[in-house]
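Engineer: Quick one: the structure is below, and I'll ask about it shortly.
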Amino acid sequence: MTSFTPLSRRAFMAGSTGLLALASFRPAWAQSASPGSKGSASLAGPNINLTIERRDFQIDGRSGSAVTINGSVPGPLLRLREGGNARLTVTNLLDEDTSIHWHGLILPFQMDGVPGLSFPGIAPGASFTYEFPVRQSGTYWYHSHSGLQEPVGHYAPMIIDPEGPDPIASDREHVIVLSDWTFANIEHVVNRLKQGGGFYNHAKPSLTDPLPLDTASRAMFNRMRMDPTDIADVGAPELIYLVNGHSPAENWTGLFAPGERVRLRVINAASMTIFNFRIPGLPLTVVAADGLPVRPVEVDELQIGNGETYDLIVTPRDPAYSMVAEGIDRSGMAVATLATAPGLRAPVPPLRQRPVLTMRDMGMDHSSHGAPAGPAAASDPHAGMDHGSHGGAMPIVPAADPHAAHTGHGGSPPPAPPPMQDRSTVDFPTGPGVDMIASMPVDRTGDPGLGLDDQPHRVLTYRQLAALEPNRDRRVPQREIVIHLTGNMERYMWSMDGETLSPATEPYRFTLNERVRLRLVNDTMMTHPMHLHGHWFEVVNGQDGHLPLKHTVRVLPGSYVDLNLTADAPGDWAFHCHLLVHMHMGMMRVVKIRPLTGEGQ
Amino acid sequence: MRGLSIILALGALAAVPAPVLAQHEGHAMPAPVPPPADPHAGHTAPVVATASPGPVDQQAWPENAADAVWGESVMAAARGHFYGDHTMVSQKIAVEQLEVLSGDGPLLWQADAEAWRGTDIDKVWLKFEGEGNTDEGPDDTELQALWSHAIDPWFDLQTGVRQDFRPGRDRTHLAVGLRGLAPYWIEVDSAVFLSTRGEVTARIQAEHLVRITQRLMLRPKVELEASAQSMPDLATGSGLTFLTAGARAGYRMTPTVEPYVGVEWQQALGETRRLHRAAAENAGSVRAVAGLRFVF
């Protein structure tokens with residue numbers, strides 16, 4: 001069943017230098033001194049068996065209890081082929097229900113793996129066979145959608161090889177699964193978060209740690225009861241950041257020969273951490289996002305939200321490079337090595353200064369610097385759209401006009417603060433769960449991500465992503481739905497449109513093949529990676545005709561992101577924040593897509 | 001039996017989206033969302049629909065799509081978890097002050113603790129305050145049992161009962177208060193009490209955490225008490241009764257354990273002050289304190 005391809009001789013030699021002990025709970029592809037995943041070290045074939053069970057998981061010599069797939073964290077690398085059929089039998093050896101969601105896959109809703117929505121779930125002792133046609137290629141992953149199993153190990157990578165020649169040529173490839181791990185009981189962690197804001201923030205504002213904020217901004221934050229240092233819910237040392245299941249000390253190493261084109265398939269499988277990824281000294285050419293090829297863009301760093309995947313081409317020539325995935329709050333980082341031989345290392349850069357939230361993250365930036373909403377908005381054919389005379393579709397509130405934020409206040413200090421906790425600008429109920437409504441959200445798809453504005457090197461922005469293939473559906477969306485991402489930092493409540501998911505929550509309803517515009521407005525001070533199941537959406541970023549297709553999009557604080565969606569998959573689908581604990585708190589909605597009555601052919 | 005359900009499932013898979021699904025139950029889109037009659041109409045741009053809808057009547061789809069595949073009864077329980085598991089019950093026990101006070105005679109101590117358990121919106125909230133000395137034991141303690149209901153992003157309305165335990169002077173009160181976080185990070189706890197003897201009293205307390213470093217904490221705190229009537233057995237007059245102000249400097253050994261030292265000044269006010277003086281008691285005191293703050 002779990003017949004891993006034997007290790008190559010090279011990998012075995014590396015293992016014998018001290019990593020053999022780890023080999024038993026890491027699949028071959030994730031073992032250190034890996035020659036790469038190309039064509040080996042994976043589960044493939046017409047019938048694939050996966051077993052979910054509790055196992056010990058060791059990091060830095062310390063042992064914890066993990067929910068594993070085929071005994072390992074991460075689980076086995078699945079290698080599927082476009083145009084084939086996947087048949088995956090999952091056996092649950094846990095004492096609770098489990099599930100597998102195939103993240104980013106276009107498949108029939110009943111195979112999507114969300115218990116209670118797409119299927120009943122997999123009971124203890126039961127097996128369930130997923131079967132679906134494979135209609136895409138690229139870098140994906142799979143994970144539990146049950147309770148809090150993903151944070152404790154239930155995740156793994158999946159590669160789908162294209163039916164024809166791969167548009168992305170490389171000599172070698174490595175799968176890079178970024179994740180986070182805590183030895184603390186995850187339920188206990190959530191309870192701590194509920195006890196009050198910032199329990200795991202060890203870099204709060206203090207008299208001796210002055211903030212790089214002007215007095216007016218600082219006063220505004222304090223008046224608003226917002227903490228400008230609240231960047232991540234949990235950070236180091238409570239979280240340990242992993243590359244392919246290895247801690248920085250364990251230093252996962254991927255091998256290469258100098259001058260090779262190496263493809264890195266980077267997956268953020270963390271449940272609580274958005275990462276800043278870079279390889280000092282090595283430019284990264286982004287060639288695919290969320291599985292699909294994009295026009296190559298060379299950068300030095302990129303931010304990766306939970307659930308996003310990026311394929312990067314690097315051409316290393318030095319003997320060794322450090323691969324660094326820094327947590328967004330910069331309390332810690334995952335570190336691995338790319339080297340020509342096992343044991344070689346490059347210097348590891350220190351943690352950079354922690355980012356601090358600004359007025360811009362509150363959605364009330366009055367200055368003219370930064371990325372204006374211009375390009376995207378200008379190219380955005382709002383004109384033909386129906387702004388919400390239908391139920392469920394809401395008009396864009398005047399305050400959300402991207403141009404409002406950019407008229408005239410060039411550089412002058414902020415005037416009297418707008419009523420940013422004014423709830424009258426939204427037409428959903430705001431109760432204790434909503435501590436803020438961004439008064440002037442802006443399009444930040446031109447921003448590299450929290451804390452990356454002032455880097456001396458190139459950092460990827462969404463606006464740079466252009467799909468390699470021309471967009472297939474050029475219809476102008478006929479409807480716009482404004483969806484607010486809401487929360488309360490102090491009470492640790494997370495919601496959409498002010499409401500956590502409950503039986504009373506109204507789903508988003510789309511007609512099959514309807515072309516709809518979704519505007520996600522972030523009213524919180526955190527970045528939320530929003531994931532829609534079973535679909536691609538286009539990020540409206542100004543790359544007209546080649547809008548990038550994604551399944552997960554980071555929505556920066558104080559910003560909105562516009563998405564075009566062709567609702568082409570009938571059924572019920574989950575739409576949620578992929579910070580797993582936020583989803584668990586109810587930051588999730590159901591999208592229901594149905595054929596129109598009587599529509600034929 | 002699982003095998004059977006899988007076979008059924010695969011059968012149903014083949015049938016979706018075919019018009020064999022469960023009966024319509026009058027739920028034709030509660031949120032009226034009439035999209036364009038034909039998404040293909042009126043657009044000259046090339047359109048490629050990646051999924052071609054069959055001749056399907058949408059009214060054949062059940063409200064919950066998965067019911068058509070796996071069966072309504074099979075889905076019902078799982079659906080309950082999917083929609084219902086987001087209301088979490090959390091809890092906290094916080095001993096905010098457990099301290100000894102400077103002074104002559106037997107060692108004085110006082111304690112201030114609270115515990116809660118519940119959801120984001122509704123919690124059971126217990127508050128305990130006590131003081132005494134090592135010779136005579138507790139001489140003035142009170143326990144409040146409250147229902148704490150979130151009324152806005154930062155404040156809870158707290159209602160319940162308060163029981164005072166004072167030798168010979170026990171009282172039971174109805175308590176109504178507001179507790180939460182005011183602008184500029186000021187923690188506020190205020191309440192009005194109505195005792196079974198018909199006495200009305202009130203108190204408001206405000207505390208602010210000043211971080212000097214990530215570990216060194218300074219907590220100034222002030223409390224003002226008032227009474228609508230005089231209560232001779234408590235040596236309390238009407239009007240403002242007591243003002244207590246203190247500051248405690250703590251060292252956060254871990255996020256949950258913080259030993260501290262500090263100072264506390266208490267002053268009787270107005271009529272209460274005169275009553276204290278008449279009884280030859282101190283109407284005011286300044287004491288050093290040392291104690292421990294911890295959280296579970």
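Each chain of the structure tokens is named A, B, ... in the order shown, its residues numbered from 1; ligands are numbered from 1 in display order.
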So which residues touch Trp265 of chain B within 10 Å, counting only C-alpha atoms, skipping near sequence neighbours fewer than 2 positions away, as a list of chain:residue names?
Structural biologist: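 Once the adjacent positions are removed, what remains is B:Val222, B:Leu243, B:Thr244, B:Ala245, B:Gly246, B:Ala247, B:Val263, B:Gln267, B:Gly284, B:Ser285, B:Val286, B:Arg287, B:Ala288.
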Engineer: Write a file of the selected residues as a short mmCIF file (atom, residue, chain, number, x, y, z; two decimals), in the first residue's frame, keeping C-alpha atoms.
Structural biologist:
data_model
loop_
_atom_site.label_atom_id
_atom_site.label_comp_id
_atom_site.auth_asym_id
_atom_site.auth_seq_id
_atom_site.Cartn_x
_atom_site.Cartn_y
_atom_site.Cartn_z
CA VAL B 222 -8.19 53.04 40.69
CA LEU B 243 -11.30 55.76 46.82
CA THR B 244 -8.60 53.19 46.30
CA ALA B 245 -5.62 53.78 44.07
CA GLY B 246 -2.69 51.53 43.55
CA ALA B 247 0.10 50.60 41.25
CA VAL B 263 1.66 50.31 46.72
CA GLN B 267 -9.10 56.80 51.54
CA GLY B 284 -6.94 56.45 55.06
CA SER B 285 -3.96 54.21 54.65
CA VAL B 286 -0.99 53.70 52.41
CA ARG B 287 0.44 50.22 52.27
CA ALA B 288 3.09 48.38 50.35
#
Engineer: Using only C-alpha atoms, which chain A residues lie at most 7 Å away from chain B, written as a ChimeraX atom specification?
Structural biologist: /A:110,115-120,126,191,194-195,202-204,206-209,222-225,390-392,431-435,472-475,488,491,501-503,511,513-514,568-569,571-572,584-586,594-601
Engineer: Output C-alpha atoms for every residue in the selection just made, as a short mmCIF file (atom, residue, chain, number, x, y, z; two decimals), in the first residue's frame.
Structural biologist:
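That gives us selection-v3.cif:
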data_model
loop_
_atom_site.label_atom_id
_atom_site.label_comp_id
_atom_site.auth_asym_id
_atom_site.auth_seq_id
_atom_site.Cartn_x
_atom_site.Cartn_y
_atom_site.Cartn_z
CA GLN A 110 -19.46 15.29 -3.65
CA PRO A 115 -17.77 16.70 5.91
CA GLY A 116 -21.33 17.85 6.36
CA LEU A 117 -21.30 19.80 3.14
CA SER A 118 -19.99 17.65 0.30
CA PHE A 119 -20.12 14.23 1.92
CA PRO A 120 -20.82 12.65 5.30
CA ALA A 126 -14.39 3.21 7.88
CA ASN A 191 -8.66 28.63 24.44
CA LYS A 194 -10.14 33.30 23.40
CA GLN A 195 -8.95 34.45 26.82
CA HIS A 202 5.73 38.48 22.67
CA ALA A 203 6.53 41.78 20.99
CA LYS A 204 3.78 44.08 22.11
CA SER A 206 6.16 48.82 25.34
CA LEU A 207 7.95 51.88 26.66
CA THR A 208 11.28 50.37 25.69
CA ASP A 209 10.13 48.96 22.35
CA ASN A 222 -4.96 53.05 21.26
CA ARG A 223 -8.27 54.77 20.98
CA MET A 224 -9.49 51.99 18.69
CA ARG A 225 -8.20 49.32 21.05
CA HIS A 390 -30.93 41.76 -5.90
CA GLY A 391 -30.96 40.22 -2.51
CA GLY A 392 -27.56 39.01 -1.45
CA GLY A 431 -22.56 42.92 16.98
CA PRO A 432 -19.84 42.02 19.43
CA GLY A 433 -18.05 40.07 16.69
CA VAL A 434 -17.14 43.10 14.60
CA ASP A 435 -14.68 45.53 16.08
CA ARG A 472 -11.42 31.87 -21.34
CA ASP A 473 -14.46 33.65 -19.99
CA ARG A 474 -14.36 37.34 -20.91
CA ARG A 475 -17.92 38.09 -19.94
CA ASN A 488 -12.88 41.02 16.79
CA ARG A 491 -12.57 38.45 21.67
CA LEU A 501 -21.14 30.06 10.04
CA SER A 502 -24.27 28.61 11.60
CA PRO A 503 -27.40 26.81 10.41
CA THR A 511 -26.68 30.32 -11.04
CA ASN A 513 -22.26 29.55 -15.27
CA GLU A 514 -23.18 32.90 -13.88
CA ASP A 568 -19.25 26.67 -13.44
CA ALA A 569 -19.43 23.83 -10.93
CA GLY A 571 -23.18 21.93 -6.03
CA ASP A 572 -22.38 23.21 -2.56
CA HIS A 584 -12.77 26.80 12.89
CA MET A 585 -14.13 29.95 14.55
CA GLY A 586 -16.69 30.18 11.75
CA ARG A 594 -27.51 25.62 -9.27
CA PRO A 595 -28.61 25.42 -12.88
CA LEU A 596 -31.20 27.94 -13.87
CA THR A 597 -34.73 26.63 -13.99
CA GLY A 598 -35.53 25.31 -17.39
CA GLU A 599 -32.19 26.15 -18.89
CA GLY A 600 -31.37 23.63 -21.51
CA GLN A 601 -28.62 22.52 -23.82
#
Engineer: Taking 6 positions as the minimum chain separation for residues in the same chain, which residues sit within 9 Å of segment 270-282 of chain A when counting only C-alpha atoms? Answer as a PyMOL selection string.
Structural biologist: chain A and resi 150-152+155+177-181+232-235+239+241-242+300-307+314-317+321-330+333-334+338+348-349+449+452+527+529+578-582
Engineer: Would you kindly return, as a list of chain:residue names, each protein, DNA or RNA residue with an atom no farther than 12 Å from any atom of Gly237 of chain B, considering only C-alpha atoms and excluding same-chain residues fewer than 5 positions away?
Structural biologist: B:Glu199, B:Val200, B:Thr201, B:Glu225, B:Ala226, B:Ser227, B:Ala228, B:Gln229, B:Ser230, B:Met231, B:Pro232, B:Phe242, B:Ala268, B:Leu269, B:Gly270, B:Glu271, B:Thr272, B:Arg273, B:Arg274, B:Leu275, B:His276
Engineer: Keeping C-alpha atoms for every residue in the selection just given, could you write it to a file as an mmCIF file, in the first residue's frame?
Structural biologist:
data_model
loop_
_atom_site.group_PDB
_atom_site.id
_atom_site.type_symbol
_atom_site.label_atom_id
_atom_site.label_comp_id
_atom_site.auth_asym_id
_atom_site.auth_seq_id
_atom_site.Cartn_x
_atom_site.Cartn_y
_atom_site.Cartn_z
ATOM 1 C CA GLU B 199 -29.457 49.479 49.981
ATOM 2 C CA VAL B 200 -28.079 50.752 46.731
ATOM 3 C CA THR B 201 -24.328 50.933 46.249
ATOM 4 C CA GLU B 225 -17.208 53.369 45.582
ATOM 5 C CA ALA B 226 -20.463 55.091 46.427
ATOM 6 C CA SER B 227 -23.550 54.456 48.491
ATOM 7 C CA ALA B 228 -27.033 55.882 48.207
ATOM 8 C CA GLN B 229 -27.587 55.648 51.942
ATOM 9 C CA SER B 230 -25.617 55.334 55.104
ATOM 10 C CA MET B 231 -24.969 51.874 56.456
ATOM 11 C CA PRO B 232 -23.904 52.282 60.057
ATOM 12 C CA PHE B 242 -14.034 54.998 49.298
ATOM 13 C CA ALA B 268 -12.565 57.028 53.047
ATOM 14 C CA LEU B 269 -14.514 59.910 51.615
ATOM 15 C CA GLY B 270 -17.205 62.330 52.805
ATOM 16 C CA GLU B 271 -19.556 61.079 55.460
ATOM 17 C CA THR B 272 -17.802 57.743 55.540
ATOM 18 C CA ARG B 273 -14.601 59.520 56.418
ATOM 19 C CA ARG B 274 -16.303 61.300 59.325
ATOM 20 C CA LEU B 275 -17.766 58.009 60.543
ATOM 21 C CA HIS B 276 -14.365 56.394 60.487
#
Engineer: Provide the atom CA of Tyr492 of chain A to atom CA of His188 of chain A distance in Å, to one decimal place.
Structural biologist: 14.0 Å
Engineer: With only C-alpha atoms as the counted atoms, please give the residues lying no more than 9 Å from Arg203 of chain B, apart from itself and same-chain residues fewer than 6 positions off, as a count of residues only.
Structural biologist: 10
Engineer: Between A:Leu255, A:Met489, A:Ile240, A:Leu148, which is the closest to Pro228 of chain A once you count only C-alpha atoms?
Structural biologist: A:Met489
Engineer: Quick one, how far is atom CA of Gln478 of chain A from atom CA of Phe428 of chain A?
Structural biologist: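 If I compute the distance from atom CA of Gln478 of chain A to atom CA of Phe428 of chain A, I get 22.1 Å.
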Engineer: Residues of segment 63-260 of chain B classed as helix (DSSP H, G or I) by DSSP on the backbone are to be reported as a list in words.
Structural biologist: Ala65, Ala66, Asp67, Ala68, Val69, Trp70, Glu72, Ser73, Val74, Met75, Ala76, Ala77, Ala78, Arg79, Gly80, His81, Phe82, Tyr83, Gly84, Pro232, Asp233 and Leu234 of chain B
Engineer: Which polymer residues have any atom within 12 Å of an atom of Val95 of chain B, counting only C-alpha atoms, with same-chain residues fewer than 5 positions away left out, as a list in words?
Structural biologist: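 That gives Gln110, Ala111, Asp112, Ala113, Glu114, Ala115, Trp116, Leu126, Lys127, Phe128, Glu129, Gly130, Thr256, Val257, Glu258, Pro259, Gly291, Leu292, Arg293, Phe294, Val295 and Phe296 of chain B.
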Engineer: So that I can see what lies close to Thr309 of chain A, please list as a list of chain:residue names the residues with an atom at most 9 Å from it, counting only C-alpha atoms and leaving out residues fewer than 4 positions away in the same chain.
Structural biologist: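 In the requested form, the answer reads A:Thr139, A:Tyr140, A:Trp141, A:Arg265, A:Val266, A:Ile267, A:Asn268, A:Ala269, A:Ala288, A:Ala289, A:Asp290, A:Gly291, A:Ile304, A:Gly305, A:Thr552.
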Engineer: Return as number ranges by chain the full set of residues in segment 76-190 of chain B whose backbone-based DSSP assignment is strand (DSSP E or B).
Structural biologist: B: 90-101, 108-118, 122-133, 137-150, 155-165, 171-182, 186-190
Engineer: Selected residues, C-alpha atoms, written as a PDB file, in the first residue's frame, please.
Structural biologist:
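New file result-v8.pdb:
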ATOM      1  CA  SER B  90     -13.718  28.644  26.366  1.00  0.00           C
ATOM      2  CA  GLN B  91     -12.730  29.426  29.921  1.00  0.00           C
ATOM      3  CA  LYS B  92     -10.348  31.349  32.098  1.00  0.00           C
ATOM      4  CA  ILE B  93      -9.349  31.492  35.712  1.00  0.00           C
ATOM      5  CA  ALA B  94      -7.395  34.597  36.594  1.00  0.00           C
ATOM      6  CA  VAL B  95      -6.011  35.361  40.029  1.00  0.00           C
ATOM      7  CA  GLU B  96      -5.279  39.011  39.468  1.00  0.00           C
ATOM      8  CA  GLN B  97      -4.143  39.834  42.968  1.00  0.00           C
ATOM      9  CA  LEU B  98      -3.058  37.507  45.704  1.00  0.00           C
ATOM     10  CA  GLU B  99      -1.012  39.664  48.016  1.00  0.00           C
ATOM     11  CA  VAL B 100       0.134  40.603  51.468  1.00  0.00           C
ATOM     12  CA  LEU B 101       0.062  44.174  52.727  1.00  0.00           C
ATOM     13  CA  LEU B 108      -2.820  41.455  56.192  1.00  0.00           C
ATOM     14  CA  TRP B 109      -3.742  39.786  52.900  1.00  0.00           C
ATOM     15  CA  GLN B 110      -6.154  40.401  50.100  1.00  0.00           C
ATOM     16  CA  ALA B 111      -7.210  38.570  46.987  1.00  0.00           C
ATOM     17  CA  ASP B 112      -8.975  39.418  43.770  1.00  0.00           C
ATOM     18  CA  ALA B 113      -9.823  36.649  41.333  1.00  0.00           C
ATOM     19  CA  GLU B 114     -12.290  35.795  38.639  1.00  0.00           C
ATOM     20  CA  ALA B 115     -13.253  32.859  36.485  1.00  0.00           C
ATOM     21  CA  TRP B 116     -15.449  32.523  33.462  1.00  0.00           C
ATOM     22  CA  ARG B 117     -16.657  29.872  31.102  1.00  0.00           C
ATOM     23  CA  GLY B 118     -18.828  30.167  28.041  1.00  0.00           C
ATOM     24  CA  ASP B 122     -22.663  34.376  26.908  1.00  0.00           C
ATOM     25  CA  LYS B 123     -20.562  33.364  29.849  1.00  0.00           C
ATOM     26  CA  VAL B 124     -20.938  32.391  33.458  1.00  0.00           C
ATOM     27  CA  TRP B 125     -18.665  34.772  35.354  1.00  0.00           C
ATOM     28  CA  LEU B 126     -17.521  34.461  38.944  1.00  0.00           C
ATOM     29  CA  LYS B 127     -15.722  37.226  40.827  1.00  0.00           C
ATOM     30  CA  PHE B 128     -14.122  36.856  44.183  1.00  0.00           C
ATOM     31  CA  GLU B 129     -12.678  39.525  46.440  1.00  0.00           C
ATOM     32  CA  GLY B 130     -11.432  38.953  49.925  1.00  0.00           C
ATOM     33  CA  GLU B 131      -9.254  40.349  52.641  1.00  0.00           C
ATOM     34  CA  GLY B 132      -8.270  39.397  56.129  1.00  0.00           C
ATOM     35  CA  ASN B 133      -5.369  38.829  58.406  1.00  0.00           C
ATOM     36  CA  GLY B 137      -9.021  34.827  59.027  1.00  0.00           C
ATOM     37  CA  PRO B 138     -11.137  36.424  56.337  1.00  0.00           C
ATOM     38  CA  ASP B 139     -13.063  39.399  57.612  1.00  0.00           C
ATOM     39  CA  ASP B 140     -14.485  40.811  54.429  1.00  0.00           C
ATOM     40  CA  THR B 141     -15.050  38.648  51.389  1.00  0.00           C
ATOM     41  CA  GLU B 142     -17.526  38.677  48.575  1.00  0.00           C
ATOM     42  CA  LEU B 143     -18.449  36.400  45.723  1.00  0.00           C
ATOM     43  CA  GLN B 144     -20.375  37.380  42.622  1.00  0.00           C
ATOM     44  CA  ALA B 145     -22.037  34.921  40.277  1.00  0.00           C
ATOM     45  CA  LEU B 146     -22.969  36.640  37.032  1.00  0.00           C
ATOM     46  CA  TRP B 147     -24.303  36.059  33.588  1.00  0.00           C
ATOM     47  CA  SER B 148     -22.017  37.951  31.279  1.00  0.00           C
ATOM     48  CA  HIS B 149     -23.518  38.895  27.942  1.00  0.00           C
ATOM     49  CA  ALA B 150     -21.542  40.615  25.198  1.00  0.00           C
ATOM     50  CA  PHE B 155     -18.200  45.337  26.706  1.00  0.00           C
ATOM     51  CA  ASP B 156     -20.248  42.738  28.538  1.00  0.00           C
ATOM     52  CA  LEU B 157     -23.379  43.398  30.519  1.00  0.00           C
ATOM     53  CA  GLN B 158     -23.078  41.422  33.718  1.00  0.00           C
ATOM     54  CA  THR B 159     -26.043  40.616  35.883  1.00  0.00           C
ATOM     55  CA  GLY B 160     -26.366  38.302  38.851  1.00  0.00           C
ATOM     56  CA  VAL B 161     -25.967  38.103  42.572  1.00  0.00           C
ATOM     57  CA  ARG B 162     -23.313  39.134  45.019  1.00  0.00           C
ATOM     58  CA  GLN B 163     -22.941  37.582  48.413  1.00  0.00           C
ATOM     59  CA  ASP B 164     -20.891  39.342  51.100  1.00  0.00           C
ATOM     60  CA  PHE B 165     -19.404  37.327  53.885  1.00  0.00           C
ATOM     61  CA  ARG B 171     -25.505  40.861  52.733  1.00  0.00           C
ATOM     62  CA  THR B 172     -26.926  39.592  49.486  1.00  0.00           C
ATOM     63  CA  HIS B 173     -27.168  41.899  46.491  1.00  0.00           C
ATOM     64  CA  LEU B 174     -28.541  41.971  43.033  1.00  0.00           C
ATOM     65  CA  ALA B 175     -25.699  43.069  40.748  1.00  0.00           C
ATOM     66  CA  VAL B 176     -25.861  44.802  37.377  1.00  0.00           C
ATOM     67  CA  GLY B 177     -22.669  45.958  35.755  1.00  0.00           C
ATOM     68  CA  LEU B 178     -20.646  46.687  32.693  1.00  0.00           C
ATOM     69  CA  ARG B 179     -17.261  45.197  32.168  1.00  0.00           C
ATOM     70  CA  GLY B 180     -14.921  45.631  29.264  1.00  0.00           C
ATOM     71  CA  LEU B 181     -12.198  47.487  27.519  1.00  0.00           C
ATOM     72  CA  ALA B 182     -12.567  51.238  27.072  1.00  0.00           C
ATOM     73  CA  ILE B 186      -8.480  50.905  29.929  1.00  0.00           C
ATOM     74  CA  GLU B 187     -10.096  47.916  31.568  1.00  0.00           C
ATOM     75  CA  VAL B 188     -13.288  48.975  33.228  1.00  0.00           C
ATOM     76  CA  ASP B 189     -15.441  47.069  35.684  1.00  0.00           C
ATOM     77  CA  SER B 190     -18.463  48.871  37.053  1.00  0.00           C
TER      78      SER B 190
END
Engineer: Kindly give the distance, in Å, that separates atom CA of Ile204 of chain B and atom CA of Ser238 of chain B, rounded to a single decimal.
Structural biologist: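 That distance, rounded to one decimal, is 16.1 Å.
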